[in-house]
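*Asks:* Sharing protein08.csv, CSV, C-alpha atoms and all ligand atoms:
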```csv
chain,number,residue,atom,x,y,z
A,1,MET,CA,20.7,29.5,50.4
A,2,ALA,CA,17.0,29.4,51.4
A,3,GLU,CA,16.2,32.3,49.0
A,4,THR,CA,17.1,30.3,45.9
A,5,PRO,CA,13.9,28.9,44.4
A,6,ASP,CA,14.0,25.2,43.4
A,7,LEU,CA,14.2,25.6,39.7
A,8,THR,CA,13.6,21.9,39.0
A,9,GLU,CA,10.4,22.1,41.0
A,10,MET,CA,9.4,25.2,39.0
A,11,LEU,CA,9.8,23.3,35.8
A,12,ARG,CA,7.8,20.4,37.1
A,13,GLY,CA,5.1,22.7,38.4
A,14,ALA,CA,4.7,24.2,34.9
A,15,ALA,CA,4.5,20.6,33.6
A,16,LEU,CA,7.8,21.0,31.7
A,17,ARG,CA,10.3,18.3,31.2
A,18,VAL,CA,13.4,19.0,33.2
A,19,THR,CA,16.3,19.2,30.8
A,20,ARG,CA,19.8,20.5,31.5
A,21,PRO,CA,19.5,23.5,29.1
A,22,ARG,CA,16.2,24.5,30.6
A,23,VAL,CA,17.6,24.4,34.1
A,24,ALA,CA,20.7,26.3,33.0
A,25,VAL,CA,18.7,28.9,31.2
A,26,LEU,CA,16.3,29.4,34.1
A,27,THR,CA,19.2,29.7,36.5
A,28,ALA,CA,20.9,32.3,34.2
A,29,VAL,CA,17.7,34.4,34.0
A,30,HIS,CA,17.3,34.2,37.8
A,31,SER,CA,20.9,35.4,38.4
A,32,HIS,CA,21.0,38.0,35.6
A,33,PRO,CA,17.7,39.9,35.4
A,34,HIS,CA,17.0,41.7,32.2
A,35,ALA,CA,19.8,39.9,30.4
A,36,ASP,CA,19.6,39.5,26.6
A,37,THR,CA,19.9,36.3,24.7
A,38,ASP,CA,23.6,36.7,24.0
A,39,ALA,CA,24.4,37.3,27.7
A,40,ILE,CA,22.3,34.3,28.7
A,41,ILE,CA,24.1,32.1,26.2
A,42,LYS,CA,27.4,33.2,27.7
A,43,VAL,CA,26.3,32.4,31.2
A,44,VAL,CA,24.8,29.1,30.3
A,45,ARG,CA,27.9,28.1,28.4
A,46,ALA,CA,30.0,28.7,31.5
A,47,ASP,CA,28.1,25.7,32.9
A,48,LEU,CA,27.2,23.7,29.8
A,49,PRO,CA,29.9,24.5,27.2
A,50,GLU,CA,28.3,22.2,24.6
A,51,VAL,CA,24.8,23.8,24.7
A,52,SER,CA,23.8,25.2,21.3
A,53,HIS,CA,22.4,28.6,20.6
A,54,GLN,CA,19.2,26.9,19.3
A,55,ALA,CA,18.8,25.0,22.6
A,56,VAL,CA,19.0,28.3,24.5
A,57,TYR,CA,16.5,30.0,22.2
A,58,ASP,CA,14.1,27.1,22.5
A,59,SER,CA,14.4,27.0,26.3
A,60,LEU,CA,13.8,30.7,26.5
A,61,ARG,CA,10.7,30.4,24.3
A,62,THR,CA,9.4,27.4,26.3
A,63,LEU,CA,10.0,29.1,29.7
A,64,THR,CA,8.4,32.3,28.5
A,65,ALA,CA,5.3,30.5,27.2
A,66,ALA,CA,5.0,28.6,30.5
A,67,GLY,CA,5.1,31.9,32.4
A,68,LEU,CA,8.3,31.0,34.3
A,69,VAL,CA,10.2,33.8,32.5
A,70,ARG,CA,9.0,37.2,31.3
A,71,ARG,CA,10.2,38.6,28.1
A,72,ILE,CA,10.5,42.4,27.8
A,73,GLN,CA,11.6,44.4,24.8
A,74,PRO,CA,11.8,48.2,25.2
A,75,SER,CA,11.8,49.9,21.9
A,76,GLY,CA,15.3,50.1,20.4
A,77,SER,CA,16.5,47.2,22.5
A,78,VAL,CA,16.8,43.5,21.9
A,79,ALA,CA,14.6,41.1,23.9
A,80,ARG,CA,15.5,40.7,27.5
A,81,TYR,CA,14.4,38.1,30.0
A,82,GLU,CA,13.7,38.1,33.7
A,83,SER,CA,12.4,35.7,36.3
A,84,ARG,CA,10.2,38.2,38.1
A,85,THR,CA,6.8,37.3,36.6
A,86,GLY,CA,3.2,37.8,37.3
A,87,ASP,CA,3.5,41.0,39.4
A,88,ASN,CA,2.9,43.4,36.5
A,89,HIS,CA,6.0,45.4,37.5
A,90,HIS,CA,7.3,48.1,35.1
A,91,HIS,CA,10.7,49.2,33.9
A,92,VAL,CA,12.7,52.4,33.9
A,93,VAL,CA,15.0,52.5,30.8
A,94,CYS,CA,17.9,54.8,30.2
A,95,ARG,CA,17.7,56.4,26.8
A,96,ALA,CA,21.5,56.8,26.6
A,97,CYS,CA,22.9,53.5,27.7
A,98,GLY,CA,19.9,51.2,27.8
A,99,ALA,CA,20.2,50.3,31.5
A,100,ILE,CA,17.0,48.8,32.9
A,101,ALA,CA,15.6,48.6,36.4
A,102,ASP,CA,12.4,47.3,37.9
A,103,VAL,CA,9.7,49.6,39.3
A,104,ASP,CA,6.8,48.1,41.2
A,105,CYS,CA,3.4,48.4,39.5
A,106,ALA,CA,1.9,51.7,40.5
A,107,VAL,CA,-1.4,50.0,41.5
A,108,GLY,CA,-0.2,46.4,42.2
A,109,HIS,CA,-2.0,44.6,39.5
A,110,ALA,CA,-2.7,44.8,35.8
A,111,PRO,CA,-3.8,46.9,34.1
A,112,CYS,CA,-2.6,49.6,36.3
A,113,LEU,CA,-3.8,52.3,34.0
A,114,THR,CA,-7.4,52.8,33.2
A,115,ALA,CA,-7.9,53.6,29.5
A,116,SER,CA,-9.8,56.9,28.9
A,117,ASP,CA,-11.7,55.0,26.2
A,118,ASP,CA,-11.5,51.2,26.0
A,119,HIS,CA,-13.4,51.0,22.7
A,120,GLY,CA,-15.3,48.1,24.1
A,121,PHE,CA,-12.1,46.0,24.4
A,122,SER,CA,-11.6,43.9,27.5
A,123,LEU,CA,-8.2,45.2,28.6
A,124,ASP,CA,-5.9,43.2,30.8
A,125,GLU,CA,-2.6,44.9,30.5
A,126,ALA,CA,-1.1,48.4,30.1
A,127,GLU,CA,2.6,48.3,29.0
A,128,VAL,CA,4.3,51.0,30.9
A,129,VAL,CA,7.9,52.0,30.3
A,130,TYR,CA,9.5,55.0,32.0
A,131,TRP,CA,12.1,56.6,29.8
A,132,GLY,CA,14.9,58.9,31.0
A,133,LEU,CA,18.5,59.0,31.9
A,134,CYS,CA,20.1,56.7,34.5
A,135,PRO,CA,22.1,58.5,37.3
A,136,ARG,CA,25.4,57.7,35.5
A,137,CYS,CA,24.3,59.1,32.1
A,138,ALA,CA,22.7,62.1,33.8
A,139,THR,CA,26.0,63.1,35.3
A,140,HIS,CA,28.3,62.0,32.5
A,141,PRO,CA,26.3,62.5,29.2
A,142,PRO,CA,27.8,60.2,26.5
A,143,THR,CA,29.4,62.4,23.9
B,1,ZN,ZN,22.5,55.3,31.2
B,2,ZN,ZN,12.0,43.6,35.4
```
Please express what this file holds, its structure, as structure tokens.
Ligand SMILES: [Zn+2]
Ligand SMILES: [Zn+2]

*Replies:*
Amino acid sequence: MAETPDLTEMLRGAALRVTRPRVAVLTAVHSHPHADTDAIIKVVRADLPEVSHQAVYDSLRTLTAAGLVRRIQPSGSVARYESRTGDNHHHVVCRACGAIADVDCAVGHAPCLTASDDHGFSLDEAEVVYWGLCPRCATHPPT
């Protein structure tokens, strides 16, 4: 599978010690985009049954700080993690069921919106979330 990034190399490239929990967490985030912590713990435990919740939390924090994992948290949702980093992509979020999908950045780089007044701040990011209903919820509104 030529498409699969070498996760061990990614850890080394970020000057992180290669540990089994880190590799397992990074693998889980790659295969389950926008998964929350509980889902990631479940996936990781399928491979490493003995891994603790704390080890998964710590790995997620370390990987996020190193820029290998991006943490997103739409309002009303728990934190979710994805491996698609550094491209300033945005998300569509379903108000009804919480489904999330990626949308390419409208401009291609951050910040993709120009503030009408930057108040003298040096701005480097605009957090864009598109809210609406996913196709399933739009056809079958939850009662
Ligand atoms: Zn939905
Ligand atoms: Zn995403």

*Asks:* In Å to one decimal, how far is atom CA of Thr37 of chain A from atom CA of His89 of chain A?

*Replies:* 21.0 Å

*Asks:* Got a sec to check which residues lie within 9 Å of ligand ZN 1 (chain B), using all atoms listed in the file, and send them as number ranges by chain?

*Replies:* A: 93-100, 132-138, 140-142

*Asks:* Between A:Cys112, A:Val56, A:Val128, A:Val103, single out the one closest to Thr19 of chain A, counting all atoms listed in the file.

*Replies:*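 Going through A:Cys112, A:Val56, A:Val128, A:Val103 one by one, the smallest distance to Thr19 of chain A is for A:Val56.
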
*Asks:* Could you list, as a ChimeraX atom specification, all the residues within 8 Å of ligand ZN 2 (chain B), counting all atoms listed in the file?

*Replies:* /A:33-34,72,82-84,89-91,100-103

*Asks:* Report, in Å to a single decimal, how far apart atom CA of Asp36 of chain A and atom CA of His53 of chain A are.

*Replies:*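 Separating atom CA of His53 of chain A from atom CA of Asp36 of chain A is a distance of 12.8 Å.
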
*Asks:* Just the number, please: distance in Å from atom CA of Ala24 of chain A to atom CA of Gln73 of chain A, one decimal.

*Replies:*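 Taking atom CA of Ala24 of chain A and atom CA of Gln73 of chain A, their separation equals 21.9 Å.
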
*Asks:* Using all atoms listed in the file, pick whichever of A:His119, A:Arg20, A:Tyr130, A:Val78 has the shortest atom-to-atom distance to Pro49 of chain A.

*Replies:*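 Selected residue with least distance to Pro49 of chain A: A:Arg20.
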
*Asks:* Need to verify the contact set: Thr27 of chain A, 10 Å, only C-alpha atoms, exclusion of same-chain residues closer than 5 positions in sequence. Can you return it as a list in words?

*Replies:*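 Contacts, with the query itself left out: Thr4, Pro5, Asp6, Leu7, Thr8, Pro21, Arg22, His32, Ile40, Val43, Val44 and Ser83 of chain A.
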
*Asks:* Between A:Gln54, A:Ser122, A:Ser116, A:Ser31, which is the closest to Tyr81 of chain A once you count only C-alpha atoms?

*Replies:*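 Of the candidates, the smallest distance to Tyr81 of chain A is held by A:Ser31.
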
*Asks:* For Leu113 of chain A, please output as number ranges by chain all residues within 10 Å (counting all atoms listed in the file; exclusion window: fewer than 4 positions along the same chain).

*Replies:* A: 105-107, 109, 123-128

*Asks:* Write the residues of the selection above to a file with C-alpha atoms, as an mmCIF file, in the frame of the given file.

*Replies:*
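The new file result_10.cif reads:
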```cif
data_model
loop_
_atom_site.group_PDB
_atom_site.id
_atom_site.type_symbol
_atom_site.label_atom_id
_atom_site.label_comp_id
_atom_site.auth_asym_id
_atom_site.auth_seq_id
_atom_site.Cartn_x
_atom_site.Cartn_y
_atom_site.Cartn_z
ATOM 1 C CA CYS A 105 3.400 48.400 39.500
ATOM 2 C CA ALA A 106 1.900 51.700 40.500
ATOM 3 C CA VAL A 107 -1.400 50.000 41.500
ATOM 4 C CA HIS A 109 -2.000 44.600 39.500
ATOM 5 C CA LEU A 123 -8.200 45.200 28.600
ATOM 6 C CA ASP A 124 -5.900 43.200 30.800
ATOM 7 C CA GLU A 125 -2.600 44.900 30.500
ATOM 8 C CA ALA A 126 -1.100 48.400 30.100
ATOM 9 C CA GLU A 127 2.600 48.300 29.000
ATOM 10 C CA VAL A 128 4.300 51.000 30.900
#
```

*Asks:* Go through A:Asp104, A:Ser75, A:Ile41, A:Asn88 one by one, measure the shortest atom-to-atom distance of each to Asp58 of chain A using all atoms listed in the file, and give the residue with the smallest value.

*Replies:*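 Closest residue, counting all atoms listed in the file: A:Ile41.
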